[in-house]
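Next comes structure_17.txt, a file with compact mmCIF, C-alpha atoms and all ligand atoms.
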# COMPACT_ATOMS: atom_id res chain seq x y z
CA MET C 72 13.61 4.88 8.39
CA PHE C 73 9.92 4.83 7.42
CA TYR C 74 7.16 4.94 10.03
CA HIS C 75 3.44 4.45 9.55
CA LEU C 76 1.85 6.59 12.24
CA PHE C 77 -1.65 5.68 13.43
CA LEU C 78 -3.04 9.18 13.98
CA THR C 79 -6.42 7.71 14.83
CA THR C 80 -8.18 4.36 14.86
CA SER C 81 -11.45 5.97 13.67
CA CYS C 82 -12.68 6.02 10.11
CA ASN C 83 -15.59 7.74 8.40
CA LEU C 84 -16.18 4.88 5.92
CA THR C 85 -17.20 1.24 6.38
CA CYS C 86 -15.52 -0.56 3.49
CA ARG C 87 -16.36 -4.18 2.67
CA TYR C 88 -12.80 -5.51 2.96
CA CYS C 89 -12.16 -3.73 6.28
CA CYS C 90 -15.09 -3.02 8.65
CA GLU C 91 -17.44 -5.58 7.14
CA GLU C 92 -14.79 -8.31 7.21
CA ALA C 93 -13.96 -7.42 10.82
CA LEU C 94 -17.61 -7.92 11.79
CA GLU C 95 -17.57 -11.43 10.28
CA GLU C 96 -14.35 -12.38 12.07
CA SER C 97 -15.30 -14.96 14.69
CA ALA C 98 -12.40 -17.45 14.74
CA PRO C 99 -10.09 -17.22 17.78
CA PHE C 100 -6.88 -15.30 17.22
CA PRO C 101 -3.78 -17.20 18.41
CA PHE C 102 -2.02 -14.07 19.67
CA ARG C 103 -2.55 -11.65 22.55
CA VAL C 104 -4.21 -8.55 21.12
CA ASP C 105 -4.74 -5.23 22.89
CA LEU C 106 -8.16 -4.12 21.67
CA CYS C 107 -8.22 -1.03 23.90
CA LEU C 108 -5.81 1.28 22.09
CA PRO C 109 -6.49 5.01 22.46
CA GLU C 110 -8.62 6.40 19.66
CA LYS C 111 -6.18 9.21 18.88
CA PHE C 112 -2.41 9.58 18.90
CA SER C 113 -1.56 12.28 21.42
CA LYS C 114 2.15 11.78 22.17
CA LEU C 115 3.21 14.47 19.76
CA GLU C 116 6.16 15.84 21.72
CA VAL C 117 7.40 12.32 22.51
CA LEU C 118 7.34 11.46 18.81
CA ARG C 119 9.27 14.60 18.00
CA ARG C 120 12.00 13.58 20.47
CA PHE C 121 12.05 10.00 19.14
CA LEU C 122 12.47 11.11 15.53
CA ARG C 123 15.30 13.52 16.39
CA SER C 124 17.72 10.61 16.47
CA ASP C 125 16.68 9.39 13.00
CA PRO C 126 18.80 11.20 10.38
CA ASP C 127 16.31 10.56 7.55
CA PRO C 128 12.78 9.92 8.82
CA THR C 129 9.71 9.44 6.65
CA LEU C 130 6.39 9.74 8.42
CA ILE C 131 3.41 8.07 6.74
CA PHE C 132 0.17 9.39 8.24
CA TYR C 133 -2.16 6.44 8.60
CA GLY C 134 -5.31 5.36 10.42
CA GLY C 135 -8.28 4.76 10.49
CA GLU C 136 -8.60 7.88 8.43
CA PRO C 137 -5.69 10.20 9.32
CA LEU C 138 -7.57 13.34 8.30
CA LEU C 139 -9.93 12.78 11.24
CA ALA C 140 -6.92 13.90 13.31
CA LEU C 141 -6.12 16.99 11.30
CA ASP C 142 -4.95 19.11 14.27
CA GLU C 143 -2.39 16.47 15.25
CA LEU C 144 -1.27 16.05 11.64
CA ARG C 145 -0.71 19.80 11.30
CA TRP C 146 1.17 19.98 14.61
CA LEU C 147 3.55 17.25 13.49
CA MET C 148 4.15 18.88 10.11
CA ASP C 149 4.87 22.18 11.88
CA HIS C 150 7.28 20.73 14.42
CA ILE C 151 9.07 17.79 12.78
CA GLU C 152 11.65 17.67 10.00
CA ALA C 153 10.74 14.64 7.91
CA ARG C 154 9.52 13.46 4.55
CA PHE C 155 5.72 13.35 4.77
CA ILE C 156 3.43 10.80 3.13
CA MET C 157 -0.27 10.24 3.78
CA GLN C 158 -2.47 7.24 3.18
CA THR C 159 -6.04 8.54 3.07
CA ASN C 160 -9.48 7.50 1.85
CA GLY C 161 -9.61 10.91 0.13
CA THR C 162 -13.04 11.97 1.39
CA LEU C 163 -11.66 14.72 3.68
CA LEU C 164 -8.82 16.01 1.50
CA HIS C 165 -10.68 19.29 0.99
CA LEU C 166 -9.94 20.12 4.65
CA VAL C 167 -6.17 20.29 4.07
CA ASN C 168 -4.97 23.70 2.93
CA ARG C 169 -2.33 24.33 0.32
CA ARG C 170 0.37 25.19 2.88
CA TYR C 171 0.33 21.60 4.16
CA LEU C 172 -0.50 19.92 0.85
CA SER C 173 2.58 21.49 -0.74
CA ARG C 174 4.81 19.74 1.79
CA PHE C 175 3.65 16.19 1.09
CA HIS C 176 6.08 14.02 -0.85
CA THR C 177 3.38 11.46 -1.69
CA ILE C 178 -0.33 11.02 -1.11
CA LEU C 179 -1.84 7.55 -1.46
CA VAL C 180 -5.56 7.76 -1.99
CA SER C 181 -7.83 4.72 -1.75
CA ILE C 182 -9.83 4.16 -4.92
CA ASP C 183 -10.62 0.80 -6.48
CA GLY C 184 -11.30 1.85 -10.07
CA ARG C 185 -14.50 3.01 -11.76
CA GLU C 186 -17.37 4.58 -9.86
CA ARG C 187 -19.50 1.45 -9.53
CA THR C 188 -16.50 -0.62 -8.41
CA THR C 189 -15.26 1.89 -5.83
CA ASP C 190 -18.74 2.50 -4.44
CA TYR C 191 -19.45 -1.25 -4.28
CA PHE C 192 -16.44 -1.77 -2.00
CA ARG C 193 -16.25 1.58 -0.21
CA GLY C 194 -19.85 2.83 0.01
CA GLU C 195 -22.29 4.77 -2.12
CA GLY C 196 -21.04 8.21 -3.15
CA THR C 197 -17.41 7.61 -2.10
CA PHE C 198 -15.99 7.71 -5.63
CA ARG C 199 -17.57 11.07 -6.46
CA ARG C 200 -16.39 12.69 -3.20
CA VAL C 201 -12.84 11.50 -3.78
CA MET C 202 -12.72 12.58 -7.42
CA GLU C 203 -14.03 16.06 -6.63
CA ASN C 204 -11.41 16.45 -3.90
CA LEU C 205 -8.60 15.28 -6.18
CA LYS C 206 -9.59 17.69 -8.94
CA SER C 207 -9.34 20.63 -6.55
CA LEU C 208 -6.11 19.67 -4.75
CA GLU C 209 -4.23 22.95 -4.63
CA GLY C 210 -0.53 23.24 -4.02
CA PHE C 211 0.28 19.53 -4.05
CA ARG C 212 3.23 18.81 -6.35
CA GLY C 213 4.22 15.37 -5.13
CA GLU C 214 3.27 11.89 -6.32
CA LEU C 215 -0.40 10.94 -6.13
CA ILE C 216 -0.90 7.18 -6.00
CA ALA C 217 -4.27 5.49 -6.54
CA ARG C 218 -4.30 2.69 -3.97
CA MET C 219 -6.62 -0.15 -4.84
CA THR C 220 -7.71 -3.03 -2.66
CA VAL C 221 -8.32 -5.95 -4.97
CA MET C 222 -10.57 -8.97 -4.53
CA GLU C 223 -13.40 -10.76 -6.30
CA PRO C 224 -15.31 -9.68 -8.40
CA LEU C 225 -12.95 -6.84 -9.43
CA ASP C 226 -11.46 -7.03 -12.94
CA ILE C 227 -7.83 -5.95 -12.51
CA PHE C 228 -7.28 -5.23 -16.20
CA GLU C 229 -10.39 -3.08 -16.68
CA GLU C 230 -10.03 -1.14 -13.43
CA VAL C 231 -6.32 -0.32 -13.67
CA ARG C 232 -6.68 0.58 -17.33
CA TRP C 233 -9.57 2.87 -16.49
CA LEU C 234 -7.72 4.58 -13.65
CA ALA C 235 -4.77 5.36 -15.94
CA SER C 236 -6.67 6.41 -19.03
CA ASN C 237 -9.96 8.01 -17.97
CA GLU C 238 -10.42 11.61 -19.07
CA GLU C 239 -11.69 13.04 -15.80
CA PHE C 240 -8.62 12.33 -13.68
CA PRO C 241 -5.99 10.03 -15.21
CA PHE C 242 -3.68 8.57 -12.55
CA ARG C 243 0.02 8.18 -13.35
CA SER C 244 0.77 6.07 -10.27
CA ILE C 245 -1.35 3.09 -9.26
CA HIS C 246 -0.83 0.41 -6.67
CA TRP C 247 -2.99 -2.57 -5.75
CA GLN C 248 -2.98 -4.92 -2.81
CA LEU C 249 -4.82 -8.24 -2.74
CA ASN C 250 -7.27 -8.73 0.07
CA ALA C 251 -5.97 -12.24 0.68
CA GLY C 252 -4.81 -13.89 3.89
CA PHE C 253 -5.80 -10.97 6.14
CA TRP C 254 -9.00 -12.46 7.56
CA ASN C 255 -10.40 -15.93 8.32
CA ASP C 256 -12.55 -15.59 5.24
CA PHE C 257 -11.26 -18.16 2.76
CA GLY C 258 -14.29 -20.43 3.26
CA ARG C 259 -16.79 -17.70 2.40
CA ARG C 260 -14.85 -16.35 -0.59
CA GLU C 261 -14.63 -17.34 -4.27
CA PHE C 262 -10.93 -16.54 -4.35
CA ARG C 263 -9.68 -19.60 -6.26
CA THR C 264 -12.17 -19.21 -9.11
CA TRP C 265 -11.54 -15.47 -9.33
CA LEU C 266 -7.77 -15.96 -9.28
CA GLU C 267 -7.80 -18.48 -12.10
CA ARG C 268 -10.51 -16.95 -14.30
CA SER C 269 -10.04 -13.24 -13.74
CA TYR C 270 -6.96 -12.05 -11.83
CA LEU C 271 -4.19 -14.12 -13.45
CA PRO C 272 -5.40 -13.64 -17.06
CA GLY C 273 -6.00 -9.97 -16.19
CA LEU C 274 -2.38 -9.53 -15.07
CA LYS C 275 -1.14 -10.90 -18.42
CA LYS C 276 -3.37 -8.54 -20.39
CA LEU C 277 -2.39 -5.63 -18.18
CA ALA C 278 1.34 -6.28 -18.62
CA GLU C 279 0.84 -6.29 -22.42
CA TRP C 280 -1.13 -3.07 -22.19
CA TRP C 281 1.58 -1.50 -19.97
CA VAL C 282 4.38 -2.23 -22.42
CA ASN C 283 2.22 -1.14 -25.38
CA TRP C 284 1.78 2.19 -23.59
CA MET C 285 5.59 2.48 -23.23
CA GLU C 286 6.03 1.78 -26.93
CA GLU C 287 3.37 4.23 -28.07
CA LYS C 288 3.95 7.09 -25.62
CA GLY C 289 7.51 6.59 -24.33
CA GLU C 290 6.09 6.75 -20.80
CA VAL C 291 6.40 4.21 -18.00
CA LEU C 292 3.20 4.32 -15.98
CA LYS C 293 3.98 3.73 -12.33
CA LEU C 294 1.93 0.57 -11.84
CA TYR C 295 3.77 -0.28 -8.63
CA PRO C 296 3.60 -4.08 -8.61
CA PHE C 297 4.85 -4.09 -12.22
CA LEU C 298 7.39 -1.36 -11.62
CA GLY C 299 9.04 -3.02 -8.63
CA VAL C 300 9.13 -6.51 -10.12
CA THR C 301 10.39 -5.26 -13.49
CA LYS C 302 13.18 -3.32 -11.81
CA SER C 303 14.19 -6.42 -9.84
CA LEU C 304 14.13 -8.65 -12.92
CA LEU C 305 16.13 -6.12 -14.96
CA GLU C 306 18.73 -5.56 -12.27
CA GLY C 307 18.71 -8.96 -10.55
CA GLU C 308 18.30 -7.09 -7.27
CA PRO C 309 17.11 -9.36 -4.41
CA SER C 310 14.70 -8.02 -1.84
CA TRP C 311 13.35 -8.99 1.56
CA MET C 312 9.77 -8.20 2.65
CA ARG C 313 9.29 -5.58 -0.01
CA CYS C 314 6.86 -3.44 1.98
CA GLY C 315 9.76 -2.88 4.41
CA ALA C 316 7.81 -4.29 7.39
CA GLY C 317 10.09 -5.22 10.25
CA HIS C 318 13.32 -3.96 8.75
CA SER C 319 12.92 -0.52 7.14
CA ASN C 320 9.30 0.38 7.75
CA TYR C 321 7.75 0.24 11.22
CA ALA C 322 4.38 1.34 12.53
CA ILE C 323 3.63 3.46 15.58
CA GLN C 324 0.34 2.77 17.38
CA THR C 325 -1.84 5.46 18.98
CA ASP C 326 -0.34 4.48 22.38
CA GLY C 327 3.23 4.93 21.09
CA GLN C 328 4.08 1.22 20.88
CA ILE C 329 6.10 0.22 17.81
CA ILE C 330 5.09 -2.77 15.68
CA PRO C 331 6.59 -4.25 12.50
CA CYS C 332 3.65 -3.35 10.24
CA PRO C 333 0.37 -1.44 10.52
CA ALA C 334 -1.77 -4.59 10.16
CA MET C 335 -0.22 -5.91 13.40
CA TRP C 336 -1.78 -3.27 15.64
CA GLY C 337 -2.42 -4.49 19.17
CA MET C 338 -0.47 -7.76 18.64
CA GLU C 339 1.49 -7.56 21.87
CA ASP C 340 3.75 -10.52 21.07
CA PHE C 341 5.20 -8.45 18.24
CA TYR C 342 5.77 -5.16 20.03
CA LEU C 343 9.30 -4.04 19.20
CA GLY C 344 9.63 -1.04 21.51
CA SER C 345 7.97 2.29 22.09
CA ILE C 346 8.65 5.87 21.10
CA GLU C 347 9.10 6.63 24.80
CA THR C 348 11.92 4.22 25.49
CA SER C 349 13.41 3.11 22.16
CA SER C 350 15.73 4.69 19.61
CA PRO C 351 15.16 4.35 15.88
CA HIS C 352 18.57 2.72 15.31
CA GLU C 353 17.95 0.11 18.04
CA LEU C 354 14.69 -1.24 16.64
CA PRO C 355 14.96 -5.01 16.15
CA LYS C 356 14.64 -6.52 12.69
CA VAL C 357 11.93 -9.15 12.24
CA PHE C 358 12.37 -12.01 9.79
CA PRO C 359 9.75 -14.77 9.94
CA ALA C 360 10.87 -18.32 9.35
CA GLY C 361 8.64 -20.63 7.33
CA THR C 362 7.74 -21.90 3.93
CA CYS C 363 9.25 -18.93 2.12
CA ALA C 364 12.75 -20.14 2.98
CA ASN C 365 12.59 -22.87 0.32
CA CYS C 366 10.68 -20.91 -2.32
CA GLU C 367 12.44 -20.23 -5.61
CA MET C 368 10.65 -16.87 -5.83
CA LEU C 369 11.84 -15.59 -2.47
CA TRP C 370 14.49 -13.31 -4.00
CA VAL C 371 11.88 -11.38 -6.00
CA CYS C 372 8.81 -11.87 -3.76
CA GLY C 373 10.60 -11.09 -0.51
CA GLY C 374 8.11 -13.17 1.50
CA ARG C 375 5.16 -10.95 0.49
CA CYS C 376 3.54 -10.19 3.86
CA LEU C 377 4.85 -10.51 7.39
CA TYR C 378 1.36 -10.26 8.89
CA ALA C 379 -0.04 -13.08 6.72
CA THR C 380 3.04 -15.22 7.38
CA VAL C 381 2.72 -15.06 11.15
CA THR C 382 -1.08 -15.18 11.42
CA LYS C 383 -1.55 -17.97 8.82
CA LYS C 384 -5.26 -17.14 8.50
CA TRP C 385 -5.68 -19.03 5.21
CA GLY C 386 -3.69 -22.11 6.26
CA PRO C 387 -2.64 -24.28 3.29
CA SER C 388 -4.94 -22.26 0.98
CA TYR C 389 -2.37 -19.47 1.20
CA SER C 390 -0.53 -21.30 -1.60
CA LEU C 391 -3.10 -19.66 -3.92
CA VAL C 392 -1.69 -16.29 -2.95
CA CYS C 393 1.77 -17.56 -3.87
CA GLN C 394 0.24 -18.56 -7.21
CA ALA C 395 -0.80 -14.92 -7.63
CA VAL C 396 2.81 -13.87 -6.95
CA ARG C 397 4.04 -16.39 -9.52
CA GLY C 398 1.48 -15.07 -12.03
CA LEU C 399 2.74 -11.53 -11.50
CA VAL C 400 6.36 -12.53 -12.10
CA GLU C 401 5.39 -14.56 -15.19
CA ALA C 402 3.39 -11.64 -16.60
CA ILE C 403 6.44 -9.40 -16.29
CA LEU C 404 8.81 -12.06 -17.69
CA SER C 405 6.57 -12.27 -20.77
CA ILE C 406 7.21 -8.59 -21.60
CA LEU C 407 10.76 -8.23 -20.28
CA ALA C 408 12.48 -8.57 -23.67
CA ARG C 409 10.32 -5.75 -25.04
CA VAL C 410 11.16 -3.56 -22.04
CA ARG C 411 14.89 -4.25 -22.53
CA HIS C 412 14.54 -3.33 -26.19
CA LEU C 413 12.81 -0.03 -25.32
CA LEU C 414 15.61 0.75 -22.87
CA SER C 415 18.32 -0.01 -25.43
CA GLU C 416 16.56 2.20 -28.01
CA GLY C 417 16.20 5.05 -25.49
CA VAL C 418 12.39 5.05 -25.79
CA VAL C 419 12.25 4.75 -22.00
CA GLU C 420 15.02 5.37 -19.45
CA TRP C 421 16.31 3.28 -16.55
CA GLU C 422 15.31 6.11 -14.19
CA ASP C 423 11.69 5.67 -15.29
CA PHE C 424 11.66 2.49 -13.20
CA ASP C 425 12.91 4.22 -10.05
CA TYR C 426 10.59 4.72 -7.11
CA LEU C 427 10.78 5.65 -3.45
CA ARG C 428 11.10 2.34 -1.63
CA TYR C 429 8.77 1.73 1.33
CA ASN C 430 6.45 4.59 0.34
CA GLY C 431 3.40 2.56 1.34
CA CYS C 432 3.29 0.43 -1.83
CA GLU C 433 4.01 -3.18 -0.89
CA ILE C 434 5.16 -4.06 -4.45
CA ILE C 435 4.02 -7.68 -4.08
CA PRO C 436 0.22 -7.54 -3.92
S1 LIG P 1 5.66 -16.82 -3.26
FE1 LIG P 1 4.81 -17.42 -1.30
S2 LIG P 1 6.26 -18.93 -0.45
FE2 LIG P 1 7.28 -17.84 -2.12
S3 LIG P 1 8.42 -16.20 -1.11
FE3 LIG P 1 6.42 -15.38 -1.75
S4 LIG P 1 5.04 -15.61 0.00
FE4 LIG P 1 6.85 -16.91 0.33
S1 LIG P 2 2.32 -6.45 3.10
FE1 LIG P 2 1.75 -7.39 5.06
S2 LIG P 2 3.54 -7.02 6.37
FE2 LIG P 2 3.68 -5.60 4.66
S3 LIG P 2 2.69 -3.73 5.36
FE3 LIG P 2 1.14 -4.92 4.25
S4 LIG P 2 0.12 -6.10 5.88
FE4 LIG P 2 2.05 -5.38 6.72
Written as structure tokens, that's how I'd like the structure from this file.
Amino acid sequence: MFYHLFLTTSCNLTCRYCCEEALEESAPFPFRVDLCLPEKFSKLEVLRRFLRSDPDPTLIFYGGEPLLALDELRWLMDHIEARFIMQTNGTLLHLVNRRYLSRFHTILVSIDGRERTTDYFRGEGTFRRVMENLKSLEGFRGELIARMTVMEPLDIFEEVRWLASNEEFPFRSIHWQLNAGFWNDFGRREFRTWLERSYLPGLKKLAEWWVNWMEEKGEVLKLYPFLGVTKSLLEGEPSWMRCGAGHSNYAIQTDGQIIPCPAMWGMEDFYLGSIETSSPHELPKVFPAGTCANCEMLWVCGGRCLYATVTKKWGPSYSLVCQAVRGLVEAILSILARVRHLLSEGVVEWEDFDYLRYNGCEIIP
């Protein structure tokens, strides 16, 4: 099982799509929310006991910024047998020494693309701090994933292409998640215009560019939304809630309560147990009912996002997000014959499309 662990609720950045959006959030929330969670996770020994009955645990250090709880992170890595993943903003990576870095399977680092784009969303100077830390990562041999948060006015084609092909630090693994449906912000956004004029055409261009890269270099760049959807279309493999939320990937709050996904922190109606009283194999599975049931894309989309489905923050306008999912699938369908051809010619291999499921990449942005 995969667990996102909130090591701390604190963060050292104030990104536009997180802190700034939270400040604007004034609409009432139709669920009971515990806003008084402890700042730090301290139930280290309890977590160790809980994970003992999971034969194959993966712990994803999460926050806030997990490296603000470095002592706790080190204690857990010293005392728990697990696969370790971290989702970090990258600004404090220089504090982690090689002994710990070498034991990470995957590090997801938040970066939105070029310097001006990343700094626009994440704060002046953030890009440079992250890049300098990445260039001096010593001992890490796992997968490094650039994790973008995507919204207007970002140009998906230009930013992903830059991340993969810049000379300073070319990323081989990139994931992006749409900031859509998380806040009551549809009325103050230009989402529809951006979707139609920028994001959807950008996906088409990016898919072309991705397959061109395969043809020219024999390499499949791990662009996670493309990778996961291509694999599903090639293999006809159906999927449910592709981030794993509520069935294979749970989140543990700083107070030890277990929730289906990290975005649902404090939502008491969705508490599924606690590390003090529950066992990993007894955790309930959560499957939301709703519009997805009749959608022809459900088998490949998986329902996209449990949090957005239950909170319904965008109301009927959420259909635009489904349009983004459709655009992603269509972009991949438009290159699928070329991918099949490359596979049959041995230019790329089937294994090139493999990835660790539930590693923190949601697949469907
Ligand atoms: S495209 Fe929309 S309606 Fe269809 S399965 Fe995905 S989230 Fe559900
Ligand atoms: S996609 Fe939605 S349900 Fe899945 S982890 Fe992200 S916020 Fe949670």
Considering all atoms listed in the file, can you say which of C:Cys90, C:Leu163, C:Leu106, C:Ile403 comes closest to Val282 in chain C?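 Going through C:Cys90, C:Leu163, C:Leu106, C:Ile403 one by one, the smallest distance to Val282 in chain C is for C:Ile403.
Here the question is which of C:Leu141, C:Leu271, C:Leu78, C:Met219 gets nearest to Arg397 in chain C using all atoms listed in the file, and that residue is C:Leu271.
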When you count all atoms listed in the file, which of these residues is closest to Asn250 in chain C: C:Tyr88, C:Tyr321, C:Trp233, C:Phe297?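 Selected residue with least distance to Asn250 in chain C: C:Tyr88.
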Could you pull out the residues sitting within 7 Å of ligand LIG 1 (chain P), using all atoms listed in the file, and write them as a VMD selection string? chain C and resid 362 to 363 366 to 369 372 to 376 390 392 to 394 396 to 397
Select the residues contacting ligand LIG 2 (chain P) at a distance of at most 7 Å, based on only C-alpha atoms and all ligand atoms, then format the selection as a list of chain:residue names. C:Met312, C:Cys314, C:Gly315, C:Ala316, C:Cys332, C:Pro333, C:Ala334, C:Arg375, C:Cys376, C:Leu377, C:Tyr378, C:Ala379, C:Glu433
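CA of Arg193 in chain C lies 27.1 Å from CA of Trp280 in chain C.
Among the candidates C:Met72, C:Asp256, C:Trp370, C:Arg199, the one nearest to Pro309 in chain C when counting all atoms listed in the file is C:Trp370.
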I'd like the neighbourhood of range 91-94 of chain C as a PyMOL selection string, where a residue qualifies if any of its atoms comes within 12 Å (using all atoms listed in the file), though same-chain residues fewer than 2 positions away should be ignored. chain C and resi 84-89+96-98+192-194+250-257+259-260
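The space between CA of Tyr191 in chain C and CA of Ile435 in chain C spans 24.3 Å.
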Please identify all polymer residues within 9 Å of Gly273 in chain C, counting only C-alpha atoms, omitting same-chain residues fewer than 6 positions from it, and present them as a list in words.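 Residues meeting the cut-off are Asp226, Ile227, Phe228 and Glu229 of chain C.
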For range 178-184 of chain C, take all atoms listed in the file, fit an axis-aligned box around them, add 6 Å to each of the six sides, then output centre and edge lengths in Å rounded to one decimal, as lines of an AutoDock Vina configuration file.
center_x = -5.8
center_y = 5.9
center_z = -5.6
size_x = 23.0
size_y = 22.2
size_z = 21.0
So which residues touch Thr325 in chain C within 12 Å, counting all atoms listed in the file, skipping near sequence neighbours fewer than 4 positions away, as an MDAnalysis selection string? chainID C and resid 75:81 105:115 118 132:135 137 140 143 329:330 333 336:337 345:346
Those same residues - C-alpha atoms - I'd like them written as a short mmCIF file (atom, residue, chain, number, x, y, z; two decimals), in the coordinates of the input.
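part-v1.cif was written with the following content:
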data_model
loop_
_atom_site.label_atom_id
_atom_site.label_comp_id
_atom_site.auth_asym_id
_atom_site.auth_seq_id
_atom_site.Cartn_x
_atom_site.Cartn_y
_atom_site.Cartn_z
CA HIS C 75 3.44 4.45 9.55
CA LEU C 76 1.85 6.59 12.24
CA PHE C 77 -1.65 5.68 13.43
CA LEU C 78 -3.04 9.18 13.98
CA THR C 79 -6.42 7.71 14.83
CA THR C 80 -8.18 4.36 14.86
CA SER C 81 -11.45 5.97 13.67
CA ASP C 105 -4.74 -5.23 22.89
CA LEU C 106 -8.16 -4.12 21.67
CA CYS C 107 -8.22 -1.03 23.90
CA LEU C 108 -5.81 1.28 22.09
CA PRO C 109 -6.49 5.01 22.46
CA GLU C 110 -8.62 6.40 19.66
CA LYS C 111 -6.18 9.21 18.88
CA PHE C 112 -2.41 9.58 18.90
CA SER C 113 -1.56 12.28 21.42
CA LYS C 114 2.15 11.78 22.17
CA LEU C 115 3.21 14.47 19.76
CA LEU C 118 7.34 11.46 18.81
CA PHE C 132 0.17 9.39 8.24
CA TYR C 133 -2.16 6.44 8.60
CA GLY C 134 -5.31 5.36 10.42
CA GLY C 135 -8.28 4.76 10.49
CA PRO C 137 -5.69 10.20 9.32
CA ALA C 140 -6.92 13.90 13.31
CA GLU C 143 -2.39 16.47 15.25
CA ILE C 329 6.10 0.22 17.81
CA ILE C 330 5.09 -2.77 15.68
CA PRO C 333 0.37 -1.44 10.52
CA TRP C 336 -1.78 -3.27 15.64
CA GLY C 337 -2.42 -4.49 19.17
CA SER C 345 7.97 2.29 22.09
CA ILE C 346 8.65 5.87 21.10
#
List as number ranges by chain the residues having at least one atom at most 12 Å from position (1.9, 5.4, -13.4) as given in the file, counting all atoms listed in the file. C: 214-218, 231-232, 234-236, 241-246, 281, 284-285, 290-298, 423-426
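A straight line drawn from CA of Asn83 in chain C to CA of Ser181 in chain C is 13.1 Å long.
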Neighbouring residues of Pro436 in chain C were defined as those with any atom within 7 Å, considering all atoms listed in the file; residues of the same chain fewer than 4 positions away were excluded. Please report them as a list in words.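 Listed by chain and then number, they are Trp247, Gln248, Leu249 and Pro296 of chain C.
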Would you mind telling me which residue in C:Leu404, C:Ala395, C:Gly431, C:Glu186 lies nearest to Glu267 in chain C when using all atoms listed in the file?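 Going through C:Leu404, C:Ala395, C:Gly431, C:Glu186 one by one, the smallest distance to Glu267 in chain C is for C:Ala395.
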Measuring between only C-alpha atoms, which one of C:Glu152, C:Val419, C:Arg411, C:Arg170 shows the shortest distance to Glu306 in chain C?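 Comparing C:Glu152, C:Val419, C:Arg411, C:Arg170 against Glu306 in chain C, the winner is C:Arg411.
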Got a sec to check which residues sit within 7 Å of (12.3, -7.4, 15.7), counting all atoms listed in the file, and write them as a short mmCIF file (atom, residue, chain, number, x, y, z; two decimals) with C-alpha atoms, in the frame of the given file?
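Dumped everything to selection_0.cif:
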data_model
loop_
_atom_site.label_atom_id
_atom_site.label_comp_id
_atom_site.auth_asym_id
_atom_site.auth_seq_id
_atom_site.Cartn_x
_atom_site.Cartn_y
_atom_site.Cartn_z
CA GLY C 317 10.09 -5.22 10.25
CA LEU C 343 9.30 -4.04 19.20
CA LEU C 354 14.69 -1.24 16.64
CA PRO C 355 14.96 -5.01 16.15
CA LYS C 356 14.64 -6.52 12.69
CA VAL C 357 11.93 -9.15 12.24
#
